[in-house]
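Printed here is structure_24.txt (compact mmCIF, C-alpha atoms):
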```txt
# COMPACT_ATOMS: atom_id res chain seq x y z
CA MET Y 1 0.00 0.00 0.00
CA ALA Y 2 1.32 3.47 -0.93
CA GLU Y 3 2.27 5.82 1.88
CA ASN Y 4 -0.13 8.73 2.37
CA ARG Y 5 2.00 11.90 2.58
CA THR Y 6 -0.87 14.35 3.02
CA LYS Y 7 -2.66 15.37 6.20
CA PRO Y 8 -6.37 16.04 6.67
CA ALA Y 9 -7.35 19.71 6.58
CA VAL Y 10 -10.27 21.91 7.63
CA VAL Y 11 -10.41 25.38 6.09
CA ALA Y 12 -12.59 28.14 7.53
CA LEU Y 13 -14.20 30.31 4.85
CA GLN Y 14 -12.62 33.42 6.40
CA VAL Y 15 -9.14 31.98 5.77
CA ALA Y 16 -9.81 31.69 2.03
CA PRO Y 17 -10.66 35.21 0.83
CA ALA Y 18 -12.42 35.41 -2.52
CA ALA Y 19 -10.74 37.40 -5.32
CA PRO Y 20 -12.42 38.81 -8.45
CA VAL Y 21 -12.73 36.40 -11.38
CA ARG Y 22 -10.87 37.61 -14.46
CA LYS Y 23 -13.11 38.57 -17.42
CA ALA Y 24 -16.24 38.29 -15.23
CA ARG Y 25 -18.53 40.94 -13.77
CA GLY Y 26 -19.45 40.67 -10.08
CA ALA Y 27 -17.92 37.20 -9.56
CA ARG Y 28 -15.37 36.20 -6.91
CA MET Y 29 -13.56 32.91 -6.31
CA ALA Y 30 -11.59 31.37 -3.45
CA VAL Y 31 -9.60 28.13 -3.37
CA LEU Y 32 -10.81 26.23 -0.30
CA ILE Y 33 -8.82 23.00 -0.71
CA GLY Y 34 -5.89 22.55 -3.05
CA PRO Y 35 -2.14 21.97 -3.13
CA GLU Y 36 -1.49 24.45 -0.29
CA GLN Y 37 -3.67 22.28 1.97
CA GLY Y 38 -1.90 19.11 0.78
CA ALA Y 39 -4.60 17.93 -1.66
CA PRO Y 40 -2.68 16.34 -4.56
CA ASN Y 41 -5.46 15.44 -6.99
CA PHE Y 42 -8.34 17.95 -6.85
CA ILE Y 43 -9.02 21.62 -6.16
CA THR Y 44 -12.23 22.74 -4.44
CA ARG Y 45 -13.20 26.30 -5.26
CA ARG Y 46 -15.94 28.56 -3.87
CA PHE Y 47 -17.62 31.02 -6.24
CA LEU Y 48 -19.73 34.01 -5.17
CA LEU Y 49 -21.86 35.83 -7.75
CA ALA Y 50 -23.35 39.19 -6.80
CA PRO Y 51 -26.74 40.21 -8.18
CA GLY Y 52 -26.23 40.93 -11.90
CA ALA Y 53 -22.96 38.96 -12.03
CA ARG Y 54 -21.91 37.17 -15.21
CA ILE Y 55 -19.06 34.83 -16.09
CA PRO Y 56 -18.93 34.79 -19.91
CA ALA Y 57 -19.02 31.67 -22.06
CA HIS Y 58 -15.84 29.63 -22.00
CA ARG Y 59 -14.64 26.04 -22.03
CA HIS Y 60 -11.75 23.96 -20.77
CA PRO Y 61 -10.68 21.45 -23.44
CA THR Y 62 -9.34 18.80 -21.03
CA ILE Y 63 -10.91 19.66 -17.65
CA GLU Y 64 -14.27 18.52 -16.28
CA HIS Y 65 -16.11 20.38 -13.49
CA GLU Y 66 -18.31 19.03 -10.70
CA GLN Y 67 -20.33 21.77 -9.01
CA VAL Y 68 -22.83 22.10 -6.17
CA MET Y 69 -25.11 25.08 -5.61
CA VAL Y 70 -24.88 26.15 -1.96
CA ARG Y 71 -27.02 29.27 -1.90
CA GLY Y 72 -29.28 31.17 -4.26
CA GLU Y 73 -30.38 30.67 -7.86
CA MET Y 74 -28.59 31.36 -11.15
CA VAL Y 75 -28.84 30.69 -14.86
CA LEU Y 76 -26.24 28.25 -16.19
CA GLY Y 77 -25.51 27.74 -19.87
CA MET Y 78 -24.09 24.28 -20.69
CA GLY Y 79 -23.48 23.65 -24.37
CA ASP Y 80 -26.81 24.31 -26.11
CA GLU Y 81 -28.80 24.00 -22.88
CA VAL Y 82 -29.76 26.83 -20.50
CA ARG Y 83 -30.91 25.83 -17.01
CA THR Y 84 -31.92 27.60 -13.82
CA VAL Y 85 -30.06 25.96 -10.94
CA ARG Y 86 -30.81 26.40 -7.24
CA ALA Y 87 -29.31 25.63 -3.86
CA GLY Y 88 -28.96 21.85 -3.53
CA ASP Y 89 -28.52 21.20 -7.26
CA ALA Y 90 -25.38 19.42 -8.48
CA MET Y 91 -23.99 20.03 -11.96
CA TYR Y 92 -21.51 18.13 -14.13
CA LEU Y 93 -19.68 19.85 -16.99
CA PRO Y 94 -17.62 17.43 -19.09
CA ALA Y 95 -14.29 18.50 -20.56
CA GLY Y 96 -14.82 20.73 -23.59
CA CYS Y 97 -18.38 21.73 -22.63
CA ALA Y 98 -18.97 25.45 -23.23
CA HIS Y 99 -20.51 27.06 -20.14
CA TRP Y 100 -21.47 30.43 -18.64
CA TYR Y 101 -23.05 31.70 -15.42
CA GLU Y 102 -25.42 34.58 -14.67
CA ASN Y 103 -27.09 35.73 -11.48
CA ARG Y 104 -30.38 37.34 -12.52
CA THR Y 105 -31.69 37.60 -8.94
CA ALA Y 106 -31.38 40.19 -6.17
CA GLU Y 107 -29.54 37.72 -3.88
CA GLU Y 108 -25.90 36.60 -3.88
CA VAL Y 109 -25.23 33.13 -5.33
CA GLU Y 110 -22.71 30.67 -3.90
CA PHE Y 111 -21.53 27.43 -5.48
CA LEU Y 112 -18.64 25.02 -5.09
CA CYS Y 113 -16.62 23.76 -8.04
CA VAL Y 114 -14.24 20.78 -7.97
CA VAL Y 115 -11.65 20.42 -10.73
CA PRO Y 116 -8.64 18.14 -11.21
CA ASN Y 117 -5.31 19.52 -10.04
CA THR Y 118 -3.38 19.63 -13.30
CA LYS Y 119 -0.86 21.80 -15.11
CA ASP Y 120 -2.99 21.41 -18.25
CA TYR Y 121 -5.79 23.72 -17.03
CA ALA Y 122 -6.58 25.95 -20.00
CA THR Y 123 -9.51 28.30 -20.58
CA GLU Y 124 -10.81 29.15 -24.05
CA TRP Y 125 -13.03 32.25 -23.88
CA LEU Y 126 -15.94 32.08 -26.32
CA GLU Y 127 -17.37 35.57 -25.81
CA GLU Y 128 -16.13 39.00 -24.84
CA PRO Y 129 -16.17 40.00 -21.16
CA PRO Y 130 -19.39 41.75 -20.08
CA GLU Y 131 -19.40 45.49 -19.41
CA GLY Y 132 -17.82 46.19 -16.03
CA ALA Y 133 -15.80 42.95 -16.04
CA PHE Y 134 -12.66 42.57 -13.92
CA SER Y 135 -9.66 42.69 -16.25
CA GLY Y 136 -6.88 41.90 -13.74
```

Mind converting the file's structure to C-alpha cells?
Amino acid sequence: MAENRTKPAVVALQVAPAAPVRKARGARMAVLIGPEQGAPNFITRRFLLAPGARIPAHRHPTIEHEQVMVRGEMVLGMGDEVRTVRAGDAMYLPAGCAHWYENRTAEEVEFLCVVPNTKDYATEWLEEPPEGAFSG
C-alpha cells in the first residue's frame, strides 16, 4: 500500500478570501482546498456571484467540473442547454463543454466547483467580457 503523505485539513471560509474572477462581472472565487492544503489530486473552489454577475461563455478542453449550488439561484448555460439551478442542485460539466453563469436575482449566489489539479488547465473564452468585467 502506498504511503499517504498528506494530512487532513479543515479550512474556515474566512481563511480563504475570494478574489475577483478575471473577465467576469461581479464574480469572486476562493480556493478552499488545493495543493497548499496538501490535496494532490483535486481543487475545491468557492464562487460568489453578486446580483447581476456574469461569467462569460468559455470552455476547458481537457478539464471537467463538478459543481454544487450552496445558496441562491442562477442561470447556467451548458453547451446548447440553459438551465436555472438552485441551492442543492449538483452540476456536471464534461471537458470541452462550453458554459457560462449569470445571477439574474437580487440575492448573492454561492456554489462550489471541484476540478482536477493539473498543469494542463486551460480556458478558451468564447465571448467577450461583459461590461464592467474585472480585467486583472

Around (-27.4, 24.4, -24.4), as given in the file, which residues come within 12 Å? Count all atoms listed in the file and list them as a CSV table (one decimal) with C-alpha atoms, keeping the file's coordinate frame.
```csv
chain,number,residue,atom,x,y,z
Y,57,ALA,CA,-19.0,31.7,-22.1
Y,75,VAL,CA,-28.8,30.7,-14.9
Y,76,LEU,CA,-26.2,28.2,-16.2
Y,77,GLY,CA,-25.5,27.7,-19.9
Y,78,MET,CA,-24.1,24.3,-20.7
Y,79,GLY,CA,-23.5,23.6,-24.4
Y,80,ASP,CA,-26.8,24.3,-26.1
Y,81,GLU,CA,-28.8,24.0,-22.9
Y,82,VAL,CA,-29.8,26.8,-20.5
Y,83,ARG,CA,-30.9,25.8,-17.0
Y,84,THR,CA,-31.9,27.6,-13.8
Y,93,LEU,CA,-19.7,19.8,-17.0
Y,97,CYS,CA,-18.4,21.7,-22.6
Y,98,ALA,CA,-19.0,25.4,-23.2
Y,99,HIS,CA,-20.5,27.1,-20.1
Y,100,TRP,CA,-21.5,30.4,-18.6
```

In Å and to one decimal, atom CA of Asp89 of chain Y is distant from atom CA of Pro56 of chain Y by 20.9 Å

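Going from atom CA of Leu48 of chain Y over to atom CA of Ala133 of chain Y, you cover 14.6 Å.
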
Using only C-alpha atoms, determine which residues lie at most 10 Å from segment 67-73 of chain Y, disregarding the query and same-chain residues fewer than 5 positions distant; provide the list as a PyMOL selection string. chain Y and resi 44-49+84-93+102-115

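For the choices Y:Ala50, Y:Pro94, Y:Thr6, Y:Glu36, the atom-to-atom distance to Ala24 of chain Y is smallest for Y:Ala50 when using all atoms listed in the file.
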
Next on the checklist: Need the shell around Glu131 of chain Y: protein/DNA/RNA residues with any atom at most 10 Å away, counting only C-alpha atoms. Skip same-chain ones fewer than 3 positions apart. Format as a ChimeraX atom specification?
Outcome noted: /Y:23-25,54,128,134

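Of the residues listed (Y:Glu124, Y:Pro8, Y:Tyr101, Y:Ala95), Y:Tyr101 shows the shortest atom-to-atom separation from Ala27 of chain Y; distances use only C-alpha atoms.
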
Using all atoms listed in the file, the residue out of Y:Ala19, Y:Leu126, Y:Ile63, Y:Ile33 with shortest distance to Gly96 of chain Y is Y:Ile63
